[in-house]
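Trainee: Please see the structure below; I have some questions.
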Amino acid sequence: MDYPSVTVVDHPLVQHKLSILRNKETSTTNFRRLLRELALLLGYEVTRDLPLTRQHIETPLTAMEAPFIDGKKLVIVPILRAGLGLADGLLDLVPSARVGHVGLYRDPASKAPVEYYFKMPEDVAERLVLVCDPMLATANSAIAAVDMVKQAGARRVKMLCVLAAPEGVVAFVAAHPDVPLVVAAIDDRLDSHAYIVPGLGDAGDRLFGTR
Ligand code: PRP
Ligand code: URA
C-alpha cells in the first residue's frame with residue numbers, strides 16, 4: 001500500500017518485537033513491556049519532524065548554540081483502553097508532553113465506535129497531537145478519535161498504531177488525508193468479526209489480562 005501519508009516502520013527491532021507481541025504464548029507482562037518498547041521505536045519516527053530551535057549552552061570545552069525542540073510540544077492521546085500501552089512509552093520519550101484521553105469501544109455487532117470519555121488540554125490547538133492505539137482494524141475508532149480531537153481545536157495531528165488492516169488504512173486515509181499514519185505493519189485482512197489477521201488478538205485484553 002503506497003500512500004504518502006502512511007509510513008510503515010520496517011526496522012528490524014520493530015519487526016522482531018512485533019513478532020513476539022503477536023505470539024499467543026506471550027504473557028501479559030511481556031506484552032505490556034513490548035508495547036512500551038514499540039512505542040519508543042515508533043515514537044522516534046513519528047517525532048522526526050518536530051521543529052528545533054537553538055539555545056546557547058556551554059559544554060565543558062566551549063560555548064555552542066545547541067538544538068532543542070521548539071516551543072510548545074506534544075499532546076499524547078491514547079484511545080482507551082489499549083492506547084494506554086503506547087502512551088507510557090511515548091511519555092518516556094517526551095516526559096513534558098501533555099496527555100489527553102479518548103474513551104471509545106467498538107460495538108461488537110455494528111463495529112461502530114461508542115464514546116464514553118473525552119478530555120483534552122485547553123491549549124491543544126498549539127500542540128502536535130499524537131493519537132495512539134495499537135490496532136487500526138476498520139479504523140472506525142481512529143477516525144472518530146481524530147474527528148474528536150480536531151473538533152476540540154487540534155490543527156496538527158498524527159496517528160500512531162502498531163498493526164493495521166488494509167481496509168482500515170484505506171478508510172483512515174480517506175477520512176483524514178492530512179493526518180500522517182505511522183504503523184509497524186499492515187497485515188493481510190480483517191476476519192468476519194473485524195479482527196486483524198494474522199494480527200495479535202484483542203490488544204486491550206492482552207495488555208490488561210482481562211481475558
Ligand atoms: C480495539 C483497539 C481499537 C479498536 C480498533 O479497542 O484498541 O481502539 O478496537 O478497531 P477498529 O479500527 O475497528 O475501530 P476495543 O474497542 O476492543 O476497546 P478496548 O481497547 O477498551 O479493549
Ligand atoms: N481490536 C483489537 O484489539 N484487535 C483486532 O484485531 C481488532 C480490533
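Chain lettering (A, B, ...) mirrors the order of the C-alpha cells, residue numbering begins at 1 for each chain separately, and ligand numbering begins at 1 in order of display.
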Within 8 Å of ligand 1, which residues show up when you count only C-alpha atoms and all ligand atoms? List them as JSON, numbers by chain, please.

Mentor: {"A": [79, 80, 81, 82, 83, 103, 104, 105, 106, 107, 111, 112, 113, 133, 134, 135, 136, 137, 138, 139, 140, 141, 142, 168, 194, 195, 202, 203, 204, 205]}

Trainee: Just N, CA, C and O atoms for this one: save the residues we selected as a compact mmCIF listing (two decimals), in the first residue's frame.

Mentor:
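Written output follows (part.txt):
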```
# COMPACT_ATOMS: atom_id res chain seq x y z
N ILE A 79 -6.16 6.17 22.77
CA ILE A 79 -7.56 5.73 22.69
C ILE A 79 -7.71 4.60 23.70
O ILE A 79 -7.03 3.57 23.61
N LEU A 80 -8.57 4.81 24.70
CA LEU A 80 -8.76 3.83 25.77
C LEU A 80 -9.48 2.59 25.22
O LEU A 80 -10.32 2.75 24.32
N ARG A 81 -9.12 1.43 25.72
CA ARG A 81 -8.09 1.22 26.73
C ARG A 81 -6.69 1.00 26.17
O ARG A 81 -5.70 1.37 26.74
N ALA A 82 -6.62 0.27 25.04
CA ALA A 82 -5.34 -0.30 24.64
C ALA A 82 -4.28 0.76 24.31
O ALA A 82 -3.08 0.50 24.45
N GLY A 83 -4.72 1.95 23.92
CA GLY A 83 -3.76 3.01 23.62
C GLY A 83 -2.89 3.38 24.81
O GLY A 83 -1.78 3.91 24.64
N GLY A 103 -12.02 7.99 25.22
CA GLY A 103 -12.58 6.69 25.60
C GLY A 103 -13.56 6.22 24.53
O GLY A 103 -14.59 6.88 24.29
N LEU A 104 -13.21 5.13 23.86
CA LEU A 104 -14.06 4.56 22.81
C LEU A 104 -14.02 3.05 22.92
O LEU A 104 -12.97 2.50 23.23
N TYR A 105 -15.12 2.40 22.67
CA TYR A 105 -15.05 0.95 22.44
C TYR A 105 -15.88 0.61 21.21
O TYR A 105 -16.76 1.37 20.82
N ARG A 106 -15.55 -0.53 20.60
CA ARG A 106 -16.27 -0.95 19.40
C ARG A 106 -17.54 -1.67 19.80
O ARG A 106 -17.49 -2.65 20.55
N ASP A 107 -18.65 -1.23 19.27
CA ASP A 107 -19.87 -2.00 19.46
C ASP A 107 -19.67 -3.36 18.78
O ASP A 107 -19.31 -3.41 17.60
N LYS A 111 -19.69 -2.68 15.01
CA LYS A 111 -18.29 -2.21 14.93
C LYS A 111 -18.17 -0.69 14.96
O LYS A 111 -17.10 -0.13 14.73
N ALA A 112 -19.27 -0.02 15.25
CA ALA A 112 -19.23 1.44 15.36
C ALA A 112 -18.59 1.83 16.70
O ALA A 112 -18.79 1.13 17.70
N PRO A 113 -17.83 2.92 16.73
CA PRO A 113 -17.22 3.34 17.99
C PRO A 113 -18.24 3.97 18.92
O PRO A 113 -19.08 4.76 18.49
N ASP A 133 -3.04 4.10 19.31
CA ASP A 133 -3.84 2.90 19.55
C ASP A 133 -3.09 1.76 18.89
O ASP A 133 -2.67 1.89 17.75
N PRO A 134 -2.90 0.63 19.57
CA PRO A 134 -2.16 -0.45 18.90
C PRO A 134 -2.83 -0.94 17.63
O PRO A 134 -2.15 -1.41 16.73
N MET A 135 -4.18 -0.88 17.56
CA MET A 135 -4.88 -1.56 16.46
C MET A 135 -5.70 -0.59 15.61
O MET A 135 -6.49 0.20 16.12
N LEU A 136 -5.52 -0.69 14.29
CA LEU A 136 -6.36 0.02 13.32
C LEU A 136 -7.03 -1.06 12.48
O LEU A 136 -6.42 -1.57 11.54
N ALA A 137 -8.22 -1.46 12.85
CA ALA A 137 -8.90 -2.57 12.17
C ALA A 137 -9.81 -2.01 11.09
O ALA A 137 -9.39 -1.84 9.95
N THR A 138 -11.09 -1.72 11.43
CA THR A 138 -11.93 -1.00 10.47
C THR A 138 -11.51 0.46 10.35
O THR A 138 -11.87 1.15 9.42
N ALA A 139 -10.77 0.95 11.36
CA ALA A 139 -10.38 2.36 11.54
C ALA A 139 -11.52 3.23 12.06
O ALA A 139 -11.35 4.43 12.23
N ASN A 140 -12.66 2.62 12.37
CA ASN A 140 -13.77 3.44 12.89
C ASN A 140 -13.37 4.18 14.16
O ASN A 140 -13.70 5.36 14.34
N SER A 141 -12.61 3.49 15.05
CA SER A 141 -12.22 4.14 16.32
C SER A 141 -11.24 5.27 16.07
O SER A 141 -11.38 6.37 16.63
N ALA A 142 -10.23 5.01 15.24
CA ALA A 142 -9.21 6.04 14.99
C ALA A 142 -9.81 7.24 14.27
O ALA A 142 -9.49 8.40 14.59
N GLY A 168 -8.59 -0.79 6.95
CA GLY A 168 -8.52 0.33 7.89
C GLY A 168 -7.65 1.46 7.36
O GLY A 168 -7.98 2.64 7.53
N ALA A 194 -14.18 -8.54 12.20
CA ALA A 194 -13.36 -7.32 12.06
C ALA A 194 -12.14 -7.36 12.97
O ALA A 194 -11.70 -6.32 13.47
N TYR A 195 -11.58 -8.55 13.17
CA TYR A 195 -10.28 -8.68 13.82
C TYR A 195 -9.20 -8.75 12.74
O TYR A 195 -9.41 -9.32 11.66
N ASP A 202 -7.01 -9.55 20.71
CA ASP A 202 -7.62 -8.35 21.32
C ASP A 202 -6.55 -7.63 22.14
O ASP A 202 -6.10 -8.11 23.19
N ALA A 203 -6.13 -6.48 21.65
CA ALA A 203 -5.00 -5.77 22.27
C ALA A 203 -5.30 -5.38 23.72
O ALA A 203 -4.45 -5.53 24.60
N GLY A 204 -6.51 -4.88 23.96
CA GLY A 204 -6.86 -4.44 25.32
C GLY A 204 -6.85 -5.61 26.29
O GLY A 204 -6.30 -5.52 27.40
N ASP A 205 -7.43 -6.71 25.89
CA ASP A 205 -7.46 -7.89 26.77
C ASP A 205 -6.06 -8.43 27.03
O ASP A 205 -5.74 -8.83 28.16
```

Trainee: For atom CA of Ala145 of chain A and atom CA of Val102 of chain A, quote the distance in Å rounded to one decimal.

Mentor: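 Distance between the two atoms: 6.5 Å.
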
Trainee: What's around Asp178 of chain A at 10 Å? Count only C-alpha atoms, leave out sequence neighbours fewer than 2 positions away in its own chain, and write the answer as a ChimeraX atom specification.

Mentor: /A:5,155-158,173-176,180-181

Trainee: Please produce a file of those selected residues containing all heavy atoms, as an mmCIF file, in the first residue's frame.

Mentor:
```
data_model
loop_
_atom_site.group_PDB
_atom_site.id
_atom_site.type_symbol
_atom_site.label_atom_id
_atom_site.label_comp_id
_atom_site.auth_asym_id
_atom_site.auth_seq_id
_atom_site.Cartn_x
_atom_site.Cartn_y
_atom_site.Cartn_z
ATOM 1 N N SER A 5 0.864 9.610 3.046
ATOM 2 C CA SER A 5 0.660 9.933 4.460
ATOM 3 C C SER A 5 0.873 8.727 5.384
ATOM 4 O O SER A 5 0.721 8.846 6.599
ATOM 5 C CB SER A 5 -0.747 10.502 4.677
ATOM 6 O OG SER A 5 -1.712 9.536 4.337
ATOM 7 N N ARG A 155 -4.949 21.280 15.373
ATOM 8 C CA ARG A 155 -4.673 21.628 13.967
ATOM 9 C C ARG A 155 -3.627 20.718 13.347
ATOM 10 O O ARG A 155 -3.569 20.562 12.138
ATOM 11 C CB ARG A 155 -4.219 23.087 13.886
ATOM 12 C CG ARG A 155 -5.353 24.053 14.185
ATOM 13 C CD ARG A 155 -4.902 25.465 14.158
ATOM 14 N NE ARG A 155 -3.891 25.715 15.194
ATOM 15 C CZ ARG A 155 -3.366 26.896 15.459
ATOM 16 N NH1 ARG A 155 -3.725 27.937 14.765
ATOM 17 N NH2 ARG A 155 -2.467 27.036 16.412
ATOM 18 N N ARG A 156 -2.761 20.153 14.207
ATOM 19 C CA ARG A 156 -1.734 19.224 13.701
ATOM 20 C C ARG A 156 -1.891 17.908 14.455
ATOM 21 O O ARG A 156 -1.747 17.869 15.685
ATOM 22 C CB ARG A 156 -0.338 19.796 13.917
ATOM 23 C CG ARG A 156 -0.038 20.977 13.006
ATOM 24 C CD ARG A 156 1.367 21.479 13.200
ATOM 25 N NE ARG A 156 1.626 21.775 14.591
ATOM 26 C CZ ARG A 156 2.689 21.384 15.281
ATOM 27 N NH1 ARG A 156 3.615 20.663 14.705
ATOM 28 N NH2 ARG A 156 2.830 21.707 16.551
ATOM 29 N N VAL A 157 -2.192 16.856 13.719
ATOM 30 C CA VAL A 157 -2.485 15.555 14.335
ATOM 31 C C VAL A 157 -1.703 14.479 13.596
ATOM 32 O O VAL A 157 -1.573 14.526 12.364
ATOM 33 C CB VAL A 157 -4.000 15.233 14.250
ATOM 34 C CG1 VAL A 157 -4.315 13.946 15.002
ATOM 35 C CG2 VAL A 157 -4.841 16.380 14.775
ATOM 36 N N LYS A 158 -1.166 13.515 14.356
ATOM 37 C CA LYS A 158 -0.585 12.316 13.763
ATOM 38 C C LYS A 158 -1.189 11.104 14.465
ATOM 39 O O LYS A 158 -1.578 11.196 15.638
ATOM 40 C CB LYS A 158 0.934 12.296 13.938
ATOM 41 C CG LYS A 158 1.653 13.388 13.147
ATOM 42 C CD LYS A 158 3.156 13.157 13.185
ATOM 43 C CE LYS A 158 3.894 14.210 12.374
ATOM 44 N NZ LYS A 158 5.314 13.841 12.179
ATOM 45 N N VAL A 173 -7.133 6.954 5.590
ATOM 46 C CA VAL A 173 -6.561 7.947 4.665
ATOM 47 C C VAL A 173 -7.686 8.731 3.979
ATOM 48 O O VAL A 173 -7.565 9.939 3.758
ATOM 49 C CB VAL A 173 -5.631 7.260 3.639
ATOM 50 C CG1 VAL A 173 -5.201 8.218 2.555
ATOM 51 C CG2 VAL A 173 -4.406 6.673 4.339
ATOM 52 N N ALA A 174 -8.781 8.031 3.650
ATOM 53 C CA ALA A 174 -9.901 8.725 3.006
ATOM 54 C C ALA A 174 -10.525 9.753 3.965
ATOM 55 O O ALA A 174 -10.889 10.861 3.555
ATOM 56 C CB ALA A 174 -10.957 7.715 2.562
ATOM 57 N N ALA A 175 -10.629 9.387 5.246
ATOM 58 C CA ALA A 175 -11.281 10.279 6.222
ATOM 59 C C ALA A 175 -10.372 11.423 6.647
ATOM 60 O O ALA A 175 -10.819 12.558 6.864
ATOM 61 C CB ALA A 175 -11.715 9.476 7.443
ATOM 62 N N HIS A 176 -9.074 11.124 6.805
ATOM 63 C CA HIS A 176 -8.131 12.132 7.327
ATOM 64 C C HIS A 176 -6.842 12.146 6.500
ATOM 65 O O HIS A 176 -5.773 11.749 6.987
ATOM 66 C CB HIS A 176 -7.804 11.828 8.797
ATOM 67 C CG HIS A 176 -8.971 11.984 9.718
ATOM 68 N ND1 HIS A 176 -9.590 13.202 9.960
ATOM 69 C CD2 HIS A 176 -9.662 11.074 10.451
ATOM 70 C CE1 HIS A 176 -10.588 13.036 10.798
ATOM 71 N NE2 HIS A 176 -10.661 11.755 11.112
ATOM 72 N N PRO A 180 -0.799 12.201 9.137
ATOM 73 C CA PRO A 180 0.155 11.120 8.891
ATOM 74 C C PRO A 180 -0.126 9.929 9.804
ATOM 75 O O PRO A 180 -0.457 10.093 10.980
ATOM 76 C CB PRO A 180 1.512 11.763 9.226
ATOM 77 C CG PRO A 180 1.284 13.228 9.082
ATOM 78 C CD PRO A 180 -0.137 13.457 9.510
ATOM 79 N N LEU A 181 0.008 8.736 9.225
ATOM 80 C CA LEU A 181 -0.231 7.489 9.967
ATOM 81 C C LEU A 181 1.071 6.702 9.990
ATOM 82 O O LEU A 181 1.649 6.422 8.934
ATOM 83 C CB LEU A 181 -1.332 6.693 9.244
ATOM 84 C CG LEU A 181 -1.557 5.247 9.681
ATOM 85 C CD1 LEU A 181 -2.081 5.195 11.118
ATOM 86 C CD2 LEU A 181 -2.557 4.557 8.735
#
```

Trainee: Restricting the calculation to only C-alpha atoms, which member of A:Thr7, A:Ser192, A:Thr210, A:Asn30 is positioned closest to Val46 of chain A?

Mentor: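 The answer is A:Thr7, which sits nearest to Val46 of chain A.
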
Trainee: When DSSP works through the backbone of this structure, what residues of segment 54-179 of chain A end up as alpha helix (DSSP H), shown as a ChimeraX atom specification?

Mentor: /A:84-93,140-151,166-175

Trainee: Atom CA of Ile69 of chain A and atom CA of Arg54 of chain A, how far apart in Å?

Mentor: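 Computing the Euclidean distance for atom CA of Arg54 of chain A and atom CA of Ile69 of chain A yields 8.6 Å.
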
Trainee: From a backbone DSSP assignment, name each residue in segment 38-202 of chain A labelled strand (DSSP E), as a VMD selection string.

Mentor: chain A and resid 52 to 58 63 to 69 74 to 80 98 to 99 101 to 106 113 to 119 128 to 132 135 to 136 156 to 160 163 to 164 181 to 183 185 to 186 189 to 190 196 to 197

Trainee: Identify, on the basis of only C-alpha atoms, every residue whose closest approach to Leu74 of chain A does not exceed 6 Å; exclude the query and any residue fewer than 4 positions from it along the same chain; express the result as a list in words.

Mentor: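 Residues meeting the cut-off are Ala97, Arg127, Leu128 and Val129 of chain A.
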
Trainee: Counting only C-alpha atoms and all ligand atoms, figure out which residue out of A:Leu41, A:Val197, A:Leu34, A:Leu91 gets nearest to ligand 2.

Mentor: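 Checking each of A:Leu41, A:Val197, A:Leu34, A:Leu91 against ligand 2, counting only C-alpha atoms and all ligand atoms, the winner is A:Val197.
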
Trainee: Any idea what's packed within 12 Å of Val75 of chain A, counting only C-alpha atoms, ignoring anything in its chain fewer than 6 positions away? Could you give it as a ChimeraX atom specification?

Mentor: /A:47,87,90-91,94-101,119-132,149,154-159

Trainee: Counting only C-alpha atoms, what is within 9 Å of Arg32 of chain A, bar same-chain residues fewer than 6 positions away, as a JSON list (two decimals) with N, CA, C and O atoms, in the first residue's frame?

Mentor:
```
[["chain", "number", "residue", "atom", "x", "y", "z"],
["A", 21, "LEU", "N", 5.19, -9.96, 20.20],
["A", 21, "LEU", "CA", 3.89, -9.42, 20.65],
["A", 21, "LEU", "C", 2.73, -10.23, 20.07],
["A", 21, "LEU", "O", 1.73, -10.50, 20.74],
["A", 85, "GLY", "N", -1.22, 1.49, 26.57],
["A", 85, "GLY", "CA", 0.02, 0.72, 26.50],
["A", 85, "GLY", "C", 1.08, 1.40, 25.66],
["A", 85, "GLY", "O", 2.28, 1.12, 25.84],
["A", 86, "LEU", "N", 0.68, 2.26, 24.74],
["A", 86, "LEU", "CA", 1.64, 3.02, 23.93],
["A", 86, "LEU", "C", 1.96, 4.36, 24.59],
["A", 86, "LEU", "O", 3.08, 4.87, 24.44],
["A", 206, "ARG", "N", -5.22, -8.42, 26.00],
["A", 206, "ARG", "CA", -3.85, -8.95, 26.20],
["A", 206, "ARG", "C", -3.02, -7.99, 27.06],
["A", 206, "ARG", "O", -2.19, -8.42, 27.86],
["A", 207, "LEU", "N", -3.25, -6.70, 26.90],
["A", 207, "LEU", "CA", -2.49, -5.69, 27.67],
["A", 207, "LEU", "C", -2.86, -5.73, 29.15],
["A", 207, "LEU", "O", -2.01, -5.60, 30.03],
["A", 208, "PHE", "N", -4.16, -5.88, 29.42],
["A", 208, "PHE", "CA", -4.64, -5.79, 30.81],
["A", 208, "PHE", "C", -4.97, -7.16, 31.43],
["A", 208, "PHE", "O", -5.38, -7.23, 32.58]]
```

Trainee: Given the choices A:Arg22, A:Met148, A:Asp88, A:Val77, which gets closest to ligand 2 if the distance is worked out from only C-alpha atoms and all ligand atoms?

Mentor: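 Of the candidates, the smallest distance to ligand 2 is held by A:Arg22.
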
Trainee: What is the distance between atom CA of Pro78 of chain A and atom CA of Val146 of chain A, in Å to one decimal?

Mentor: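 Between atom CA of Pro78 of chain A and atom CA of Val146 of chain A the gap works out to 11.1 Å.
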
Trainee: Would you mind telling me which residue in A:Arg189, A:Ala144, A:Asn23, A:Asp49 lies nearest to ligand 2 when using only C-alpha atoms and all ligand atoms?

Mentor: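 The answer is A:Arg189, which sits nearest to ligand 2.
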
Trainee: Select, from A:Val162, A:Ile20, A:Val183, A:Ile57, the residue with the minimum atom-to-atom distance to ligand 2, counting only C-alpha atoms and all ligand atoms.

Mentor: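 For ligand 2, the nearest of the candidates is A:Val162.
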
Trainee: Which of these residues is nearest to ligand 2, using only C-alpha atoms and all ligand atoms: A:Arg36, A:Lys72, A:His11, A:His193?

Mentor: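 Going through A:Arg36, A:Lys72, A:His11, A:His193 one by one, the smallest distance to ligand 2 is for A:His193.
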